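Please read the structure below before turning to the comments.
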Amino acid sequence: MLELRNINKFYNPGTINEMCLFDRFNLTIKDHEFVSVVGSNGSGKTSLLNIICGSIPIDSGGIIINDKDISNIPEFKRGRHIGRVYQNPSMGTCPNMTILENMSLADNKGKPFNLRKGTTKSRIDYYRELLRSLNLGLEDKLNIPVGSLSGGQRQAMSLLMSTMTPIEFLILDEHTAALDPKTAEIIMELTDKIVKEKKLTTIMITHNLRYAVEYGNRLIMMHQGNVIMDKSGEEKNNLKVDDILDKFTEISIELGN
Amino acid sequence: MIEFIFDLILGVLEEGFAYAIMALGVYITYKILDFPDLSVDGTFPLGGVVSVVLIIAGVSPVLTLLISFLAGALAGTFTGLIHVKLRVRDLFSGIIMMTALYSINLRIAGSPNVPIFSKETIFENSFLEKFISDKFKPYITVTILLIILLIMKLILDFYLNTKSGYLLRAVGDNSTLVTSLAIDKGKVKIIGLALANGLVALAGAIYCQKSGYFEISMGTGTMTIGLASVIIGTNLFRKASFIKSTSAVIIGSLLYKLCVSIAISFGLENSDLRLITAILFLGILVVSNDRKRKVKSNA
C-alpha cells in the first residue's frame with residue numbers, strides 16, 4: 001500500500017514566482033490497484049510521480065509504503081521497489097549498449113554489480129524468450145545497440161527491463177505519448193499483460209482518455225494539485241470517455257476559458 | 001634516409017605507446033563517462049613525481065608504477081567527490097584538482113626538475129643488462145612499453161565487460177537508468193574517475209622513467225593529447241565494429257604522435273610542439289565533427 005499524507009510542495013519558495021502545487025495533498029493507493037491518472041497540463045500529475053520516486057523533494061508530509069515512511073530515502077534506493085517508464089523512450093535504455101547488455105543490466109538489479117562477467121551466458125535464452133514475447137523480432141538482434149531501434153521498440157524494451165526483477169510499483173509517465181497510434185496500442189496491451197501477470201501496483205499518467213477508461217481499475221483526475229475525480233470498481237467500469245471530457249469542460253469553465 | 005625513417009618510427013612507437021596508456025584513461029572519462037576531466041593535466045605529472053621520488057628513495061621501479069597508479073586513483077577520487085558530493089560542475093572539478101595538483105606535485109618533487117639518470121628504471125636495470133643481448137638493446141624500451149600497454153588494455157577490456165563495467169558504461173550513456181537500477185550514480189562516476197586517473201598517473205610514471213627525469217610542466221597539454229588520440233581513434237574506426245574501442249584509442253595515439261613527429265621533421269622546432277598539438281587537435285575536431293555531435297546530443 002502506498003500512502004501520501006499531507007504532502008506540501010512549493011515551487012520557487014520565497015520568490016515572486018512562488019507557486020503552491022500541493023497543499024496538504026492526500027492519496028492512498030492499495031496493493032494491486034492499476035490507477036490511471038488524467039488531468040490538464042500543470043495539474044501536478046508528473047510532480048506526483050516524481051515525489052513518489054524521490055526525483056523531487058517534498059517540503060513536508062509523508063510518503064508511506066507498507067507502513068514505512070520513505071520520504072527521506074534517496075531516489076536510487078527507492079528504485080529497488082519501483083519500476084519506471086518515461087514518456088521519452090530513450091530514458092529507459094542505454095543507447096550505446098547492445099540489447100543483450102541492456103537486458104543483463106536490468107536483470108542484475110538488486111544484485112551486486114561486481115567483477116563477474118556482465119552477461120551471464122545461461123540467461124541469454126531467458127532474455128530471448130522475454131524479447132520474443134514482444135513480437136518485435138528483437139530476439140534476433142541481441143548484439144545491436146539499442147540506439148538504432150525505433151522509439152516503439154525502445155519503449156517496449158524499457159517496459160520489459162523495468163519489470164524484469166521483482167518490483168512492487170510500476171510508474172508509467174505518459175509512456176505511450178511519444179509513439180504512433182499503432183505502436184501505442186501495442187505498448188498499452190503489453191503493459192496490461194505485464195501488470196496482470198506480475199500483479200503490480202501501477203500508476204499510469206496518460207492523456208489518452210480511452211486508455212484511462214479501458215485499462216486499470218481506478219481512475220483519478222487531477223486539477224491544480226487536487227484530486228477532483230476518483231472512480232474505482234463498478235463506478236470505473238461504467239465510466240465513459242465523455243464523462244471525463246465533461247469534467248474537463250467543467251474545470252475550464254471554472255477557470256473562465 | 002632509411003635510418004632516419006626507422007628512428008622516426010621507433011620514436012613514434014615509444015612515445016605513442018606511453019601516451020596510449022594515458023589516452024585509455026581519457027577514453028574512460030571522455031567517451032564512457034561523458035565527463036571532460038581536466039585533472040589529468042595534474043595526475044600525469046603526479047604519477048611521474050611519485051615514481052621518481054620513490055626510485056630515488058630506493059623503491060623498486062616496478063613497485064613505484066603500482067603506487068603511482070594508486071596516487072592517480074586517489075586524485076581521481078577527489079575530483080569525483082568534488083563533483084558528486086559538493087555538486088561542482090564536472091569541468092570545474094577537474095580544473096580545481098589540476099590546479100591543486102600543480103602545487104602538490106612541486107611539494108613532492110621539492111624542485112621543478114628531478115633527474116634519475118643514474119638510477120635503475122623499468123627500462124634500464126641490471127636484470128635487463130644481464131639477459132638482453134646488445135643487438136636487441138634499441139628495442140628494449142619499445143617492447144617493455146608495448147607489454148605494459150597490452151596488459152592495461154586487456155585489463156580494461158575485461159573490466160568493461162564485467163557487471164561493474166556495464167554500470168560504468170551505463171552511467172555515461174543514461175544515468176537515469178542507473179538510478180532506476182537502485183544504484184547511486186555518483187559512486188559509479190567516482191569509480192570511473194579513479195580508474196581513469198590511475199591509468200593517467202601510471203602513464204606519467206612510465207614516461208618519467210623513460211625520459212629519466214621529472215619536470216613540473218610535463219603535464220601541460222596532457223588532456224589535449226589524450227582527447228586527440230581518443231577522437232582520432234574512435235572516429236576512424238566508428239564503422240568498424242570488429243575493432244574494440246580500446247584498440248582504436250591506441251591506434252589513435254600512434255597516429256597522433258606520427259603527425260607531430262612528421263611536423264617536427266619538416267623543420268618545426270620542439271618549442272612549437274604545443275602549437276602543433278593545438279592546430280592538430282582543432283583540425284581533428286573540425287574533420288570529425290565530434291564536437292558538434294556532442295553539443296547537439298547534450299542540448
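Labeling convention for the C-alpha cells: chains A, B, ... as they appear, residues from 1 per chain, ligands from 1 in order of appearance.
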
TODO: Please return, as JSON, numbers by chain, all residues of chain B lying within 7 Å of chain A when only C-alpha atoms are considered.
DONE: {"B": [161, 162, 163, 164, 166, 170, 173, 174, 176, 177, 179, 180, 181, 182, 183, 184]}

Open item on the list: Please identify the alpha helix (DSSP H) residues within segment 97-233 of chain A (assignment by DSSP from backbone atoms) and present them as a ChimeraX atom specification.
Closed with: /A:99-107,124-132,151-162,181-198,209-214,233

- [ ] For atom CA of Leu172 of chain A and atom CA of Ile64 of chain A, determine how far apart the two atoms are, in Å to one decimal place.
- [x]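 Taking atom CA of Leu172 of chain A as the start and atom CA of Ile64 of chain A as the end point, the length is 19.4 Å.
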
Open item on the list: Just to confirm, what's the straight-line distance from atom CA of Phe6 of chain B to atom CA of Leu236 of chain B in Å (one decimal)?
Closed with: 25.1 Å

TODO: Choose the residue, out of A:Ser148, A:Asn143, A:Asn26, A:Ser232, that has the smallest atom-to-atom separation from Gly62 of chain A; count only C-alpha atoms.
DONE: A:Asn26

Task: Neighbour list for segment 209-223 of chain B as a PyMOL selection string, cut-off 9 Å, only C-alpha atoms, skip fewer than 6 positions in-chain - done: chain B and resi 18-19+22-23+26+37-46+48-49+51-52+61+102+105-106+109+111-124+141+274+277-278

Store the residues picked out above in a file with C-alpha atoms, as a PDB file, in the first residue's frame.
ATOM      1  CA  ALA B  18      53.495   5.612 -23.422  1.00  0.00           C
ATOM      2  CA  TYR B  19      50.807   8.175 -24.213  1.00  0.00           C
ATOM      3  CA  MET B  22      47.165   7.848 -20.700  1.00  0.00           C
ATOM      4  CA  ALA B  23      44.714   8.008 -23.620  1.00  0.00           C
ATOM      5  CA  VAL B  26      40.972   9.814 -21.053  1.00  0.00           C
ATOM      6  CA  ASP B  37      38.087  15.605 -16.818  1.00  0.00           C
ATOM      7  CA  LEU B  38      40.883  18.190 -16.793  1.00  0.00           C
ATOM      8  CA  SER B  39      42.501  16.743 -13.678  1.00  0.00           C
ATOM      9  CA  VAL B  40      44.576  14.511 -15.990  1.00  0.00           C
ATOM     10  CA  ASP B  41      46.865  17.501 -16.598  1.00  0.00           C
ATOM     11  CA  GLY B  42      47.754  17.166 -12.926  1.00  0.00           C
ATOM     12  CA  THR B  43      47.603  13.400 -12.444  1.00  0.00           C
ATOM     13  CA  PHE B  44      50.017  12.673 -15.319  1.00  0.00           C
ATOM     14  CA  PRO B  45      52.898  14.542 -13.603  1.00  0.00           C
ATOM     15  CA  LEU B  46      51.641  13.258 -10.228  1.00  0.00           C
ATOM     16  CA  GLY B  48      55.690  10.839 -12.649  1.00  0.00           C
ATOM     17  CA  VAL B  49      56.806  12.592  -9.492  1.00  0.00           C
ATOM     18  CA  SER B  51      57.596   7.255  -9.233  1.00  0.00           C
ATOM     19  CA  VAL B  52      60.741   9.400  -9.485  1.00  0.00           C
ATOM     20  CA  PRO B  61      60.847   0.807 -10.154  1.00  0.00           C
ATOM     21  CA  TYR B 102      50.470  21.515  -9.549  1.00  0.00           C
ATOM     22  CA  ASN B 105      53.492  17.800  -7.350  1.00  0.00           C
ATOM     23  CA  LEU B 106      56.024  20.561  -6.629  1.00  0.00           C
ATOM     24  CA  ALA B 109      59.307  16.792  -6.009  1.00  0.00           C
ATOM     25  CA  SER B 111      62.154  21.242  -7.108  1.00  0.00           C
ATOM     26  CA  PRO B 112      60.801  21.750 -10.647  1.00  0.00           C
ATOM     27  CA  ASN B 113      63.289  19.222 -12.040  1.00  0.00           C
ATOM     28  CA  VAL B 114      64.197  15.839 -10.633  1.00  0.00           C
ATOM     29  CA  PRO B 115      66.635  13.718 -12.673  1.00  0.00           C
ATOM     30  CA  ILE B 116      67.022   9.937 -12.204  1.00  0.00           C
ATOM     31  CA  PHE B 117      69.620   9.339 -14.934  1.00  0.00           C
ATOM     32  CA  SER B 118      71.877   7.191 -12.790  1.00  0.00           C
ATOM     33  CA  LYS B 119      69.060   5.176 -11.209  1.00  0.00           C
ATOM     34  CA  GLU B 120      67.607   1.861 -12.268  1.00  0.00           C
ATOM     35  CA  THR B 121      64.253   2.075 -14.056  1.00  0.00           C
ATOM     36  CA  ILE B 122      61.983  -0.467 -15.687  1.00  0.00           C
ATOM     37  CA  PHE B 123      63.827   0.272 -18.935  1.00  0.00           C
ATOM     38  CA  GLU B 124      67.390   0.295 -17.633  1.00  0.00           C
ATOM     39  CA  THR B 141      62.125   0.319 -24.361  1.00  0.00           C
ATOM     40  CA  ARG B 274      52.167  22.842 -28.238  1.00  0.00           C
ATOM     41  CA  THR B 277      49.217  19.971 -30.815  1.00  0.00           C
ATOM     42  CA  ALA B 278      46.627  22.738 -30.734  1.00  0.00           C
TER      43      ALA B 278
END

TODO: Skip Gly233 of chain B itself and residues of its chain fewer than 5 positions away, then list as a list in words all residues within 10 Å of it, counting only C-alpha atoms.
DONE: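 These residues fall inside the cut-off: Leu227, Ala228, Arg238, Ser245, Thr246, Ser247, Ala248, Val249, Ile250, Ile251, Gly252, Ser253, Leu254, Leu255 and Tyr256 of chain B.
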
Task: Spatial neighbours of segment 5-9 of chain A, 6 Å, only C-alpha atoms, chain gap at least 3 places, as an MDAnalysis selection string - done: chainID A and resid 21:26 58:62

Open item on the list: Just want the 10 Å neighbourhood of Leu134 of chain A, counted on only C-alpha atoms, with same-chain residues fewer than 6 positions away dropped. Output as a PyMOL selection string.
Closed with: chain A and resi 153+156-157+160+186-187+190

Open item on the list: Quick check, in Å to one decimal: how far apart do atom CA of Cys20 of chain A and atom CA of Gly225 of chain A lie?
Closed with: 8.4 Å
